[in-house]
Amino acid sequence: MTERTAAVEAAKMAGAFLKEHFYEEKKVDESLKHDIKLELDVKTQDKIEAFLAEAFPSYAFYGEEGITGAIDSPNQWIVDPIDGTVNYFYGIPHFCVSIALRKDGELTLGVIYDPMLDEMWVVEQGQKATLNGREISCSPRSELAESVVFVGHGSTSQAMETGIDRFSRICREVRKMRITGSAALAMAYVATGRYDAYVEGRISLWDIAAGQLLVEAGGGMVDLKPHPTDPDKFQICATNGKIPVDQF
């Protein structure tokens with residue numbers, strides 16, 4: 001089994017599991033002011049890790065729980081089992097499974113799967129990005145007035161203030177703004193030409209790793225600025241590479 005096949009199969013399996021339980025009452029493990037952690041987060045993560053570990057036992061896993069598995073391995077699966085957990089909990093059908101592979105610090109594979117729409121994005125380093133097997137690319141739009149932009153606001157007070165200020169400034173210049181609750185799908189939508197940009201002041205690596213490879217393969221640009229004290233967090237601006245970003 002290739003790494004690509006394993007990642008796709010793991011995402012499909014996890015997506016089917018989440019879809020199966022979508023309409024059921026969900027057990028909350030941890031409730032935060034602006035976020036939530038579900039029992040299904042852990043169960044889905046465990047299923048993905050078990051599947052990938054069987055196929056590639058010498059690889060590590062990187063996510064919210066830190067590094068697990070073969071922790072000294074230069075090959076790391078970067079997994080977000082439910083990106084859009086709050087949406088999932090509230091019965092909003094906009095969430096996904098995100099799996100990326102990093103080798104010696106470089107992203108080589110990305111898979112994002114939306115089980116509710118059965119949309120599967122796949123990309124390998126140096127190859128075209130695809131959606132359900134068809135090649136995709138970022139939009140050709142170059143004017144802000146024609147653009148659809150996703151602005152995330154994070155969950156910390158500072159990130160929220162930055163996001164709200166950014167939203168207020170950009171909304172006057174673009175065709176439409178969106179805040180739909182999944183960073184990974186926002187990246188996939190930029191790579192597909194549905195959105196023209198996604199910008200957020202504080203986001204985790206596992207939310208955006210697969211999407212970064214998708215956007216870049218689709219002809220877009222991803223600007224990441226690491227958080228000064230948290231190596232897992234970034235400021236991100238992902239665009240089609242054509243619209244001006246000076247106001248972002």
# chains A, B, ... in the order shown; residues from 1 in each chain; ligands from 1
$ select_by_dssp --residues "region 13-225 of chain A" --states "helix (DSSP H, G or I)" --output "VMD selection string"
chain A and resid 13 to 20 39 to 55 85 to 89 144 to 146 157 to 170 183 to 192 205 to 217
$ closest_atom_pairs --of "region 193-233 of chain A" --to "region 93-114 of chain A" --cutoff "12 Å" --atoms "only C-alpha atoms" --output "tab-separated table"
residue	atom	partner	partner_atom	distance
A:Leu205	CA	A:Ala100	CA	10.1
A:Trp206	CA	A:Ser98	CA	7.6
A:Asp207	CA	A:Ser98	CA	7.2
A:Ile208	CA	A:Ser98	CA	8.3
A:Ala209	CA	A:Ala100	CA	6.0
A:Ala210	CA	A:Gly110	CA	4.0
A:Gly211	CA	A:Gly110	CA	6.9
A:Gln212	CA	A:Gly110	CA	8.3
A:Leu213	CA	A:Gly110	CA	6.3
A:Leu214	CA	A:Gly110	CA	6.9
A:Val215	CA	A:Gly110	CA	10.4
A:Glu216	CA	A:Leu107	CA	11.2
A:Ala217	CA	A:Gly110	CA	10.5
$ atom_distance --atom1 "CA of Ala7 (chain A)" --atom2 "CA of Val199 (chain A)"
26.5 Å
$ residues_around --residues "Thr5 (chain A)" --least-positions-apart "3" --cutoff "12 Å" --atoms "only C-alpha atoms" --output "tab-separated table (two decimals) with N, CA and C atoms, in the first residue's frame"
chain	number	residue	atom	x	y	z
A	1	MET	N	0.85	-1.19	0.00
A	1	MET	CA	0.00	0.00	0.00
A	1	MET	C	0.88	1.25	0.00
A	2	THR	N	0.58	2.20	-0.88
A	2	THR	CA	1.34	3.43	-0.92
A	2	THR	C	0.87	4.38	0.17
A	8	VAL	N	-5.75	8.16	1.89
A	8	VAL	CA	-7.10	8.26	1.33
A	8	VAL	C	-8.04	7.27	2.00
A	9	GLU	N	-7.60	6.05	2.18
A	9	GLU	CA	-8.44	5.04	2.81
A	9	GLU	C	-8.72	5.38	4.27
A	10	ALA	N	-7.72	5.90	4.96
A	10	ALA	CA	-7.92	6.30	6.36
A	10	ALA	C	-8.93	7.43	6.45
A	11	ALA	N	-8.84	8.40	5.55
A	11	ALA	CA	-9.78	9.53	5.56
A	11	ALA	C	-11.20	9.07	5.25
A	12	LYS	N	-11.34	8.15	4.28
A	12	LYS	CA	-12.67	7.63	3.95
A	12	LYS	C	-13.27	6.87	5.13
A	51	PHE	N	-5.07	2.49	11.69
A	51	PHE	CA	-5.02	2.11	10.28
A	51	PHE	C	-3.66	2.45	9.67
A	52	LEU	N	-3.20	3.69	9.90
A	52	LEU	CA	-1.94	4.12	9.31
A	52	LEU	C	-0.74	3.43	9.96
A	55	ALA	N	-0.15	0.10	8.40
A	55	ALA	CA	0.46	0.20	7.07
A	55	ALA	C	1.90	0.70	7.13
A	56	PHE	N	2.16	1.63	8.07
A	56	PHE	CA	3.49	2.25	8.18
A	56	PHE	C	3.89	2.32	9.66
A	99	ILE	N	-5.53	14.86	6.71
A	99	ILE	CA	-4.33	14.04	6.93
A	99	ILE	C	-3.23	14.54	6.01
A	109	LEU	N	2.48	15.06	1.23
A	109	LEU	CA	1.19	14.49	0.87
A	109	LEU	C	0.10	15.17	1.69
A	110	GLY	N	-1.04	15.44	1.06
A	110	GLY	CA	-2.17	16.03	1.76
A	110	GLY	C	-3.48	15.44	1.30
A	111	VAL	N	-4.35	15.12	2.25
A	111	VAL	CA	-5.68	14.57	1.96
A	111	VAL	C	-6.69	15.28	2.85
A	122	VAL	N	-6.91	15.48	-2.82
A	122	VAL	CA	-5.64	14.76	-2.67
A	122	VAL	C	-4.55	15.52	-3.41
A	123	VAL	N	-3.38	15.59	-2.80
A	123	VAL	CA	-2.24	16.20	-3.47
A	123	VAL	C	-0.95	15.55	-2.97
A	124	GLU	N	-0.03	15.36	-3.89
A	124	GLU	CA	1.31	14.91	-3.56
A	124	GLU	C	2.30	15.97	-4.02
$ atom_distance --atom1 "CA of His227 (chain A)" --atom2 "CA of Ser204 (chain A)"
9.9 Å
$ closest_residue --among "A:Arg175, A:Ile71, A:Ala6, A:Phe89" --to "Glu54 (chain A)" --atoms "only C-alpha atoms"
A:Ala6
$ residues_around --residues "region 126-142 of chain A" --least-positions-apart "3" --cutoff "6 Å" --atoms "only C-alpha atoms" --output "VMD selection string"
chain A and resid 120 to 123 190 to 193 214 217 to 219 240 242 to 243
$ residues_around --residues "Gly181 (chain A)" --least-positions-apart "6" --cutoff "10 Å" --atoms "only C-alpha atoms" --output "list in words"
Asp83, Gly84, Thr85, Val86, Asn87, Tyr88, Ile92, His94, Phe95, Phe150, Val151, Gly152 and His153 of chain A
$ atom_distance --atom1 "CA of Glu146 (chain A)" --atom2 "CA of Thr180 (chain A)"
19.2 Å
$ select_by_dssp --residues "region 12-241 of chain A" --states "strand (DSSP E)" --output "number ranges by chain"
A: 28-31, 36-38, 60-63, 66-69, 75-83, 96-103, 106-114, 119-124, 130-131, 134-135, 148-151, 176-178, 197-204, 221-226, 233-239
